[in-house]
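To start, the structure itself, in structure tokens.
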Number of protein chains: 2
Amino acid sequence: MDSDRPLWLRIVEHFRQQISTGELPPGARLPSRPEIMREFGVSDAVAKQAARVLVSEGLAVAKPGSGTYVRSKPQLQRLVRAWYRGNRSGSPFAAEMEAQGRRAAWDYTSRTAQAPTSIRERLGLGEPTGDLPDVLRTEYVFSADGQPVMLSTSWEPLEITRGTPIAMPEEGPHAGRGVAERMLVIGHPIDDWRETVGARLGTAEECAKLAHPQGSVMLTIERVYESRGRVAETADIVLPADLYLLEYSARMGAGE
Amino acid sequence: MDSDRPLWLRIVEHFRQQISTGELPPGARLPSRPEIMREFGVSDAVAKQAARVLVSEGLAVAKPGSGTYVRSKPQLQRLVRAWYRGNRSGSPFAAEMEAQGRRAAWDYTSRTAQAPTSIRERLGLGEPTGDLPDVLRTEYVFSADGQPVMLSTSWEPLEITRGTPIAMPEEGPHAGRGVAERMLVIGHPIDDWRETVGARLGTAEECAKLAHPQGSVMLTIERVYESRGRVAETADIVLPADLYLLEYSARMGAGE
DNA sequence: TCGAATTTGTGCGTATGTATC
DNA sequence: GGATACATACGCACAAATTCG
């Protein structure tokens with residue numbers, strides 16, 4: 001008689017408000033399911049549903065055997081996706097993390113492969129030759145302060161890098177230096193840059209790698225680096241939307 | 001004994017695969033709850049859970065009284081967030097939609113208000129004076145081909161626009177022209193531009209306004225327009241991640 | 001036009017497994 | 001080991017919307 005909204009929604013809204021006002025600070029324990037049943041006079045199914053929604057919204061974390069807790073929201077970090085760091089040395093990620101006073105690190109695995117069609121299109125590759133590999137595919141897991149925070153799969157055409165000292169991104173004298181710097185070494189200065197940003201729910205694998213609950217919202221970036229009108233590298237980047245904001249900016253040319 | 005994964009997850013994965021391979025094409029009807037119970041030998045609760053997950057993942061749409069259907073995924077549209085359209089006339093949104101051959105339209109409501117603190121910070125406003133309004137707040141619902149596709153809340157400091165012919169964004173000779181063009185009219189050329197991109201689950205209100213199922217993933221943009229080092233406008237933009245990709249690009253200066 | 005069958009959404013009660021405290 | 005708490009699972013009931021004869 002109170003309202004026409006579902007019971008579980010009212011409970012969700014009750015806790016949403018308590019969390020947003022700070023009445024329930026991060027880390028605070030929410031009532032257990034039996035407690036919710038008593039306090040709100042609802043059944044177990046309703047308490048369950050409400051808890052699941054709060055968790056799926058990222059407001060709470062459920063710990064079996066312990067309780068359900070208000071999620072401590074790490075401050076949203078801004079990732080500056082601009083190019084004025086072009087002539088710095090070292091990886092852009094490391095520079096960004098250093099600027100925030102965080103410790104950067106990454107794991108990677110590289111292997112040559114034949115590019116799938118979607119990547120072929122982005123790289124401007126022609127038809128594949130037999131099953132000859134034509135790209136170097138490198139998977140990265142980037143970490144900040146020991147926490148995994150970003151996934152990236154990078155594709156470089158072997159056409160460009162084969163036989164050069166930078167053929168393997170993370171080996172040799174230019175290891176860990178970032179794509180732009182490495183390409184410059186072999187005479188392919190990156191002079192154009194394009195990022196396509198989207199968002200979706202993370203796959204189970206992505207959530208696991210990033211130590212996030214299943215179904216977390218992820219930002220996706222398709223990055224393309226060009227050198228003299230030719231694509232020198234492309235990457236698929238995935239990062240948790242609850243950790244990062246992406247910052248793009250441009251100064252307008254006067255006439256343009 | 002088959003696996004240690006939850007029953008509902010196995011059912012979800014079953015349909016996920018059928019959908020991704022096209023075996024279940026967009027618009028196809030999924031089995032009803034009783035059918036799933038029979039086919040998989042599970043209880044009603046499991047069938048329910050599986051259906052809810054498929055819907056929350058955006059793979060299916062549930063129609064009460066009718067059935068659950070594979071969601072027809074509209075092609076992802078790219079929104080170019082760059083500034084080379086600076087000297088075009090008319091609204092950027094209208095131009096973008098026109099370029100895609102779609103019909104653009106928008107509703108709006110404007111009113112003066114006292115800016116909340118987060119907006120004050122972005123606009124660089126000082127302490128509020130009593131409860132005097134100091135911004136014009138305009139809420140937009142943008143539509144393409146009659147479908148709502150984007151929400152935007154725009155904030156303009158009255159300090160700048162008060163008493164000018166463009167004080168009301170959607171009235172007078174410069175109605176519907178876009179912020180940059182309007183600001184230029186009163187001698188505040190937009191010369192810097194910054195967007196902060198994030199993603200999250202849409203609120204119930206946002207999902208309703210955008211005719212999307214509850215809990216859809218949304219892209220969020222915080223846009224700031226500056227004129228001579230001063231913020232002339234800021235906007236909060238929300239758009240469904242299953243409809244749009246955002247495209248940012250930059251040509252690197254040679255030396256930078 | 002009307003009514004019956006179907007289907008989803010919501011809600012209740014109970015039981016078992018497993019992790020935490 | 002015992003109590004507590006969450007995750008999973010079974011079975012049932014009813015309301016509202018849709019479909020179709």
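Identifiers in the structure tokens: chain A, B, ... in order shown; residue index from 1 per chain; ligand index from 1 in order shown.
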
- [ ] Could the residues of chain B within 6 Å of chain A, counting only C-alpha atoms, be given as a PyMOL selection string, please?
- [x] chain B and resi 86+191-199+241+245-252+256

Write out, as an mmCIF file, in the first residue's frame, the residues just selected, with N, CA and C atoms.
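Okay, this is what ended up in again30.cif:
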data_model
loop_
_atom_site.group_PDB
_atom_site.id
_atom_site.type_symbol
_atom_site.label_atom_id
_atom_site.label_comp_id
_atom_site.auth_asym_id
_atom_site.auth_seq_id
_atom_site.Cartn_x
_atom_site.Cartn_y
_atom_site.Cartn_z
ATOM 1 N N GLY B 86 34.712 23.132 -36.236
ATOM 2 C CA GLY B 86 34.557 24.379 -35.483
ATOM 3 C C GLY B 86 33.864 25.482 -36.256
ATOM 4 N N ASP B 191 38.193 28.605 -27.390
ATOM 5 C CA ASP B 191 39.510 28.297 -27.931
ATOM 6 C C ASP B 191 40.151 27.102 -27.237
ATOM 7 N N ASP B 192 39.454 26.534 -26.271
ATOM 8 C CA ASP B 192 40.004 25.344 -25.628
ATOM 9 C C ASP B 192 38.840 24.469 -25.216
ATOM 10 N N TRP B 193 39.124 23.204 -25.079
ATOM 11 C CA TRP B 193 38.049 22.245 -25.069
ATOM 12 C C TRP B 193 38.585 21.016 -24.357
ATOM 13 N N ARG B 194 37.801 20.456 -23.477
ATOM 14 C CA ARG B 194 38.296 19.337 -22.675
ATOM 15 C C ARG B 194 37.134 18.391 -22.404
ATOM 16 N N GLU B 195 37.337 17.108 -22.604
ATOM 17 C CA GLU B 195 36.282 16.150 -22.297
ATOM 18 C C GLU B 195 36.831 15.047 -21.419
ATOM 19 N N THR B 196 36.098 14.730 -20.379
ATOM 20 C CA THR B 196 36.471 13.650 -19.476
ATOM 21 C C THR B 196 35.453 12.531 -19.638
ATOM 22 N N VAL B 197 35.917 11.384 -20.093
ATOM 23 C CA VAL B 197 35.025 10.287 -20.452
ATOM 24 C C VAL B 197 35.048 9.212 -19.371
ATOM 25 N N GLY B 198 33.872 8.768 -18.984
ATOM 26 C CA GLY B 198 33.756 7.667 -18.040
ATOM 27 C C GLY B 198 32.626 6.756 -18.474
ATOM 28 N N ALA B 199 32.356 5.751 -17.681
ATOM 29 C CA ALA B 199 31.248 4.855 -17.984
ATOM 30 C C ALA B 199 30.693 4.322 -16.672
ATOM 31 N N ALA B 241 26.009 3.119 -24.188
ATOM 32 C CA ALA B 241 27.247 2.559 -24.740
ATOM 33 C C ALA B 241 26.969 1.539 -25.836
ATOM 34 N N LEU B 245 30.121 4.896 -30.150
ATOM 35 C CA LEU B 245 31.542 4.934 -29.850
ATOM 36 C C LEU B 245 31.981 6.385 -29.994
ATOM 37 N N LEU B 246 32.929 6.776 -29.175
ATOM 38 C CA LEU B 246 33.426 8.149 -29.246
ATOM 39 C C LEU B 246 34.788 8.135 -29.907
ATOM 40 N N GLU B 247 34.957 9.018 -30.836
ATOM 41 C CA GLU B 247 36.218 9.007 -31.560
ATOM 42 C C GLU B 247 36.988 10.291 -31.307
ATOM 43 N N TYR B 248 38.192 10.133 -30.787
ATOM 44 C CA TYR B 248 39.072 11.264 -30.533
ATOM 45 C C TYR B 248 40.324 11.097 -31.381
ATOM 46 N N SER B 249 40.799 12.188 -31.868
ATOM 47 C CA SER B 249 42.023 12.082 -32.664
ATOM 48 C C SER B 249 42.803 13.375 -32.554
ATOM 49 N N ALA B 250 44.065 13.288 -32.895
ATOM 50 C CA ALA B 250 44.916 14.462 -32.866
ATOM 51 C C ALA B 250 46.078 14.238 -33.800
ATOM 52 N N ARG B 251 46.454 15.273 -34.446
ATOM 53 C CA ARG B 251 47.670 15.199 -35.237
ATOM 54 C C ARG B 251 48.768 15.793 -34.376
ATOM 55 N N MET B 252 49.855 15.035 -34.247
ATOM 56 C CA MET B 252 50.928 15.512 -33.397
ATOM 57 C C MET B 252 51.702 16.608 -34.082
ATOM 58 N N GLU B 256 56.585 18.361 -30.909
ATOM 59 C CA GLU B 256 56.046 17.992 -29.608
ATOM 60 C C GLU B 256 56.042 16.510 -29.344
#

- [ ] Pick out the chain D residues within 12 Å of chain A. Count only C-alpha atoms (C1' of nucleotides). Give them as an MDAnalysis selection string.
- [x] chainID D and resid 3:8

- [ ] Using only C-alpha atoms (C1' of nucleotides), find the residues of chain C whose closest atom to chain A is at most 9 Å away, then write them as a PyMOL selection string.
- [x] chain C and resi 10-13+18-21

Go ahead and save the picked residues with N, CA and C atoms (P, O5', C5', C4', C3', O3' and C1' of nucleotides), as a PDB file, in the first residue's frame.
ATOM      1  P    DT C  10      10.390  -7.006 -11.302  1.00  0.00           P
ATOM      2  O5'  DT C  10       9.588  -7.626 -10.077  1.00  0.00           O
ATOM      3  C5'  DT C  10       8.261  -7.208  -9.838  1.00  0.00           C
ATOM      4  C4'  DT C  10       7.619  -8.077  -8.794  1.00  0.00           C
ATOM      5  C3'  DT C  10       8.427  -8.245  -7.503  1.00  0.00           C
ATOM      6  O3'  DT C  10       7.738  -7.575  -6.461  1.00  0.00           O
ATOM      7  C1'  DT C  10       7.426 -10.290  -8.223  1.00  0.00           C
ATOM      8  P    DG C  11       8.431  -7.370  -5.050  1.00  0.00           P
ATOM      9  O5'  DG C  11       8.074  -8.705  -4.248  1.00  0.00           O
ATOM     10  C5'  DG C  11       6.718  -9.028  -4.001  1.00  0.00           C
ATOM     11  C4'  DG C  11       6.619 -10.437  -3.458  1.00  0.00           C
ATOM     12  C3'  DG C  11       7.643 -10.801  -2.364  1.00  0.00           C
ATOM     13  O3'  DG C  11       6.982 -10.821  -1.103  1.00  0.00           O
ATOM     14  C1'  DG C  11       7.213 -12.597  -3.892  1.00  0.00           C
ATOM     15  P    DC C  12       7.769 -11.158   0.202  1.00  0.00           P
ATOM     16  O5'  DC C  12       7.472 -12.709   0.376  1.00  0.00           O
ATOM     17  C5'  DC C  12       6.132 -13.154   0.476  1.00  0.00           C
ATOM     18  C4'  DC C  12       6.116 -14.648   0.703  1.00  0.00           C
ATOM     19  C3'  DC C  12       7.083 -15.131   1.787  1.00  0.00           C
ATOM     20  O3'  DC C  12       6.377 -15.786   2.822  1.00  0.00           O
ATOM     21  C1'  DC C  12       7.307 -16.410  -0.218  1.00  0.00           C
ATOM     22  P    DG C  13       7.079 -16.140   4.172  1.00  0.00           P
ATOM     23  O5'  DG C  13       7.631 -17.625   3.903  1.00  0.00           O
ATOM     24  C5'  DG C  13       6.721 -18.668   3.599  1.00  0.00           C
ATOM     25  C4'  DG C  13       7.490 -19.943   3.331  1.00  0.00           C
ATOM     26  C3'  DG C  13       8.617 -20.234   4.337  1.00  0.00           C
ATOM     27  O3'  DG C  13       8.340 -21.472   4.997  1.00  0.00           O
ATOM     28  C1'  DG C  13       9.362 -20.542   2.099  1.00  0.00           C
ATOM     29  P    DT C  18      30.649 -27.952  -0.820  1.00  0.00           P
ATOM     30  O5'  DT C  18      31.196 -26.518  -0.395  1.00  0.00           O
ATOM     31  C5'  DT C  18      30.874 -25.387  -1.211  1.00  0.00           C
ATOM     32  C4'  DT C  18      31.259 -24.118  -0.471  1.00  0.00           C
ATOM     33  C3'  DT C  18      32.560 -24.222   0.350  1.00  0.00           C
ATOM     34  O3'  DT C  18      33.315 -23.054   0.139  1.00  0.00           O
ATOM     35  C1'  DT C  18      30.844 -23.385   1.677  1.00  0.00           C
ATOM     36  P    DA C  19      34.918 -23.091   0.228  1.00  0.00           P
ATOM     37  O5'  DA C  19      35.266 -21.609   0.701  1.00  0.00           O
ATOM     38  C5'  DA C  19      34.529 -20.512   0.157  1.00  0.00           C
ATOM     39  C4'  DA C  19      34.317 -19.473   1.238  1.00  0.00           C
ATOM     40  C3'  DA C  19      35.522 -19.259   2.155  1.00  0.00           C
ATOM     41  O3'  DA C  19      35.853 -17.877   2.159  1.00  0.00           O
ATOM     42  C1'  DA C  19      33.564 -19.612   3.433  1.00  0.00           C
ATOM     43  P    DT C  20      37.180 -17.380   2.892  1.00  0.00           P
ATOM     44  O5'  DT C  20      36.586 -16.741   4.220  1.00  0.00           O
ATOM     45  C5'  DT C  20      35.549 -15.781   4.104  1.00  0.00           C
ATOM     46  C4'  DT C  20      34.978 -15.468   5.464  1.00  0.00           C
ATOM     47  C3'  DT C  20      36.026 -15.121   6.525  1.00  0.00           C
ATOM     48  O3'  DT C  20      35.717 -13.829   7.018  1.00  0.00           O
ATOM     49  C1'  DT C  20      34.452 -16.681   7.374  1.00  0.00           C
ATOM     50  P    DC C  21      36.800 -13.082   7.917  1.00  0.00           P
ATOM     51  O5'  DC C  21      36.215 -13.284   9.391  1.00  0.00           O
ATOM     52  C5'  DC C  21      34.865 -12.928   9.637  1.00  0.00           C
ATOM     53  C4'  DC C  21      34.434 -13.482  10.988  1.00  0.00           C
ATOM     54  C3'  DC C  21      35.461 -13.264  12.105  1.00  0.00           C
ATOM     55  O3'  DC C  21      34.822 -12.677  13.214  1.00  0.00           O
ATOM     56  C1'  DC C  21      34.750 -15.516  12.045  1.00  0.00           C
TER      57       DC C  21
END

- [ ] Could you find all residues in region 114-229 of chain A that DSSP calls helix (DSSP H, G or I) from the backbone, and write them as a ChimeraX atom specification?
- [x] /A:117-123,158-161,179-185,204-209
